[in-house]
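Here the structure comes first, spelled out in structure tokens, and everything after it is commentary.
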Amino acid sequence: MSSEYDSFADAVTPACAGIKRTPSRASILSTYSSRKRRRVSVASLDLGRDLAVPLTLETPIEETKADRFVTVRMSTSVPLNVTPRTNRIAKAFGLVDDRVLSPNDSLSPSSDPSLRSLLRRSTSELFSTSRTASPLSAKANLGTRKHFVMALDGPGISTDLFASPMAWSHANCIGVAFKYDVYFQNLESRAIVHLCRSSLPDGMVHSIDWGGTTKPYLLALGTTVGVVSVMDSEKKMQLVEWDHDGQGMGGMHWNGDVLAVGRSGGGVTLFDVRMRDEITKVMGHRRRVHGVKWSADGRHLATGDDGGVVHVWDHRARDLLTNDHKNIRMKHKGPAKALSWSPWQRDLLATGGGSPDGEIHIWNTGKMDPSSGPMHTISLQTAITSLHWSPHCKELLSTHGSSLTAPQINVQSVVQASAPSTENSLVVHSYPSCQRIVNVKGHTAPVGHSCISPDGCSIFTVSPMEETIKMFRVWSAPDGKGKDEGGDMTLRSTIR
């Protein structure tokens with residue numbers, strides 16, 4: 001009986017196997033319950049055996065000499081050159097095996113720390129980009145040439161270092177006073193003209209100055225006695241002569257039709273070329289006024305005397321910004337002849353002191369109070385005879401005379417003690433860092449006076465003891481105009 005049942009079951013099973021049965025809700029719950037109750041056998045872990053070995057926290061770390069800034073390439077990295085396309089990409093990005101840096105701990109016998117340090121320093125210098133000087137800067141012009149481009153003989157020029165016997169007009173004419181005579185040369189045509197000669201009672205010519213941009217053909221001259229006159233260089237005739245008050249001559253400077261003249265008694269006289277008499281007199285100094293300079297906008301007049309006192313006069317208010325009543329003083333320890341107003345920043349004034357001062361002070365005249373001093377001080381330990389701001393870049397040029405006999409001991413002089421001497425030199429300083437960027441020895445004797453060209457790129461210097469006038473190319477204009485003026489050939493001639 002059982003055998004028959006078994007054969008029947010075997011015959012029915014294949015047929016029933018193809019039928020898909022839909023489980024009922026009860027069967028699902030039953031199945032879930034049976035699974036939930038099912039035990040899972042987990043292999044036993046012998047933790048005691050694994051933890052039998054004690055852990056040592058002080059595991060010795062092997063010291064390596066490999067570069068810790070370069071990661072070591074993994075040995076199991078996926079290769080990039082498995083296909084031609086990836087191989088091309090790897091070569092394009094420099095990722096092929098022969099170009100990947102793979103440092104290791106093993107060092108060659110010839111390698112040592114000093115050699116690696118030298119290689120790293122050489123590599124850093126190779127890839128470092130040095131800051132190139134601006135083509136407008138004196139570093140790229142005077143610092144490269146370090147030589148004058150023109151020289152003129154000046155026999156008989158005034159030996160007074162406080163005189164101003166030379167001026168450069170906006171018509172590109174250089175005027176020079178030789179004792180009683182005044183000559184000028186047109187630098188474009190090279191023509192030399194004898195303009196005038198002062199009489200013996202009037203004394204030798206002490207200072208000259210050309211008119212501004214509106215009247216560049218006018219030349220003012222003042223004698224040692226104090227006679228001031230204005231000449232027309234085109235017509236070679238005298239336009240006006242003002243009577244002197246018995247006081248000697250100092251510096252002078254034009255402002256439109258107004259001429260400011262410093263006097264030996266400490267006064268500053270203002271003349272108008274359209275009037276026969278003086279228009280006003282500015283008092284404030286007690287000693288001879290050597291330096292006279294109008295600001296670029298014509299609002300302020302800076303003056304410096306033989307005692308080192310500097311005053312600033314407000315032309316509109318007709319009052320001094322610096323005087324004893326306001327307790328505002330600008331002073332050097334030596335004669336203050338060198339004055340220069342910034343052409344690109346209002347109220348910025350640079351003043352220089354002669355022996356025994358030897359310092360440049362940079363002031364902000366718009367913020368003057370009793371407690372204020374110079375914004376910057378540059379100690380150079382040589383007499384400063386003239387100053388010029390560049391109109392094209394933030395740089396200041398100074399000309400120098402002899403070195404100080406008794407050097408001052410201060411912090412700034414110690415800092416620049418190792419720098420080359422500035423005696424009889426042209427020195428260019430950057431602003432506002434006041435760092436010395438160019439130092440060129442211009443003459444073998446003290447530089448007495450200098451003047452800047454109308455394009456603001458060149459400087460004429462005069463050395464009375466050397467009896468030589470030299471032109472130096474200091475800066476360049478933004479558009480490069482006149483860059484090759486004078487050429488690379490040194491010119492030498494005489495102006496008389």
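All residue names refer to the structure tokens as shown: chains lettered A, B, ... in order, residues numbered from 1 in each chain, ligands numbered from 1 in order.
Using only C-alpha atoms, the residues found no farther than 8 Å from A:Trp389, other than those of its own chain fewer than 4 positions away, are A:Ser340, A:Trp341, A:Ser342, A:Pro343, A:Lys394, A:Glu395, A:Leu396, A:Leu397.
For A:Ala138, the residues within 7 Å (counting only C-alpha atoms, excluding itself and residues fewer than 5 positions away along the chain) are Gly143, Val438, Val474 and Trp475 of chain A.
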Enumerate, as a PyMOL selection string, the complete set of residues in stretch 78-248 of chain A that a backbone-based DSSP assignment places in strand (DSSP E or B). chain A and resi 150-153+157+164+166-168+173-178+181-186+192-197+205-210+218-223+228-232+237-242
Which residues come within 12 Å of A:Arg316, counting only C-alpha atoms, excluding same-chain residues fewer than 4 positions away, as a VMD selection string? chain A and resid 297 to 301 320 to 321
Could you pull the residues within 12 Å of A:Gly248, counting only C-alpha atoms, minus those fewer than 3 positions along the same chain, as an mmCIF file with C-alpha atoms, in the first residue's frame?
```
data_model
loop_
_atom_site.group_PDB
_atom_site.id
_atom_site.type_symbol
_atom_site.label_atom_id
_atom_site.label_comp_id
_atom_site.auth_asym_id
_atom_site.auth_seq_id
_atom_site.Cartn_x
_atom_site.Cartn_y
_atom_site.Cartn_z
ATOM 1 C CA ALA A 163 73.444 130.869 -5.334
ATOM 2 C CA ASP A 202 74.761 146.273 -9.517
ATOM 3 C CA GLY A 203 77.079 143.409 -8.671
ATOM 4 C CA MET A 204 77.380 139.901 -10.059
ATOM 5 C CA VAL A 205 74.324 137.833 -10.954
ATOM 6 C CA HIS A 206 73.360 135.676 -7.985
ATOM 7 C CA SER A 207 70.084 133.970 -9.033
ATOM 8 C CA GLY A 222 68.883 139.174 -9.305
ATOM 9 C CA THR A 223 72.314 140.541 -8.435
ATOM 10 C CA THR A 224 74.303 140.330 -5.219
ATOM 11 C CA VAL A 225 73.438 143.951 -4.425
ATOM 12 C CA GLY A 226 69.707 143.207 -4.675
ATOM 13 C CA VAL A 227 68.727 144.530 -8.127
ATOM 14 C CA VAL A 228 65.943 142.433 -9.732
ATOM 15 C CA HIS A 244 66.372 147.367 -4.460
ATOM 16 C CA ASP A 245 66.002 148.260 -0.800
ATOM 17 C CA GLY A 251 66.528 132.675 -4.092
ATOM 18 C CA VAL A 261 62.409 137.016 -4.223
ATOM 19 C CA GLY A 262 64.267 136.157 -1.029
ATOM 20 C CA ARG A 263 66.312 138.850 0.680
ATOM 21 C CA SER A 264 69.403 138.841 2.866
ATOM 22 C CA GLY A 265 67.509 140.621 5.651
ATOM 23 C CA GLY A 266 64.996 137.798 6.027
ATOM 24 C CA GLY A 267 62.147 139.250 3.993
ATOM 25 C CA VAL A 268 60.490 137.845 0.863
ATOM 26 C CA THR A 269 59.431 140.409 -1.723
ATOM 27 C CA ARG A 287 68.330 135.572 8.290
ATOM 28 C CA ARG A 288 69.038 135.417 4.546
ATOM 29 C CA VAL A 289 66.375 133.521 2.595
ATOM 30 C CA HIS A 290 68.126 131.003 0.349
#
```
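Nearest to A:Arg318 of all the residues A:Ile362, A:Lys470, A:Thr382, A:Lys281 is A:Lys281, based on only C-alpha atoms.
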Which residues are near A:Lys333? Cut-off 12 Å, only C-alpha atoms, ignore same chain within fewer than 2 positions. Put them as a ChimeraX atom specification. /A:304-310,330-331,335-336,351-361,383-384,408
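What separates atom CA of A:Asp243 from atom CA of A:Ser158 is a distance of 22.9 Å.
Interatomic distance, atom CA of A:Tyr180 to atom CA of A:Asn424: 26.5 Å.
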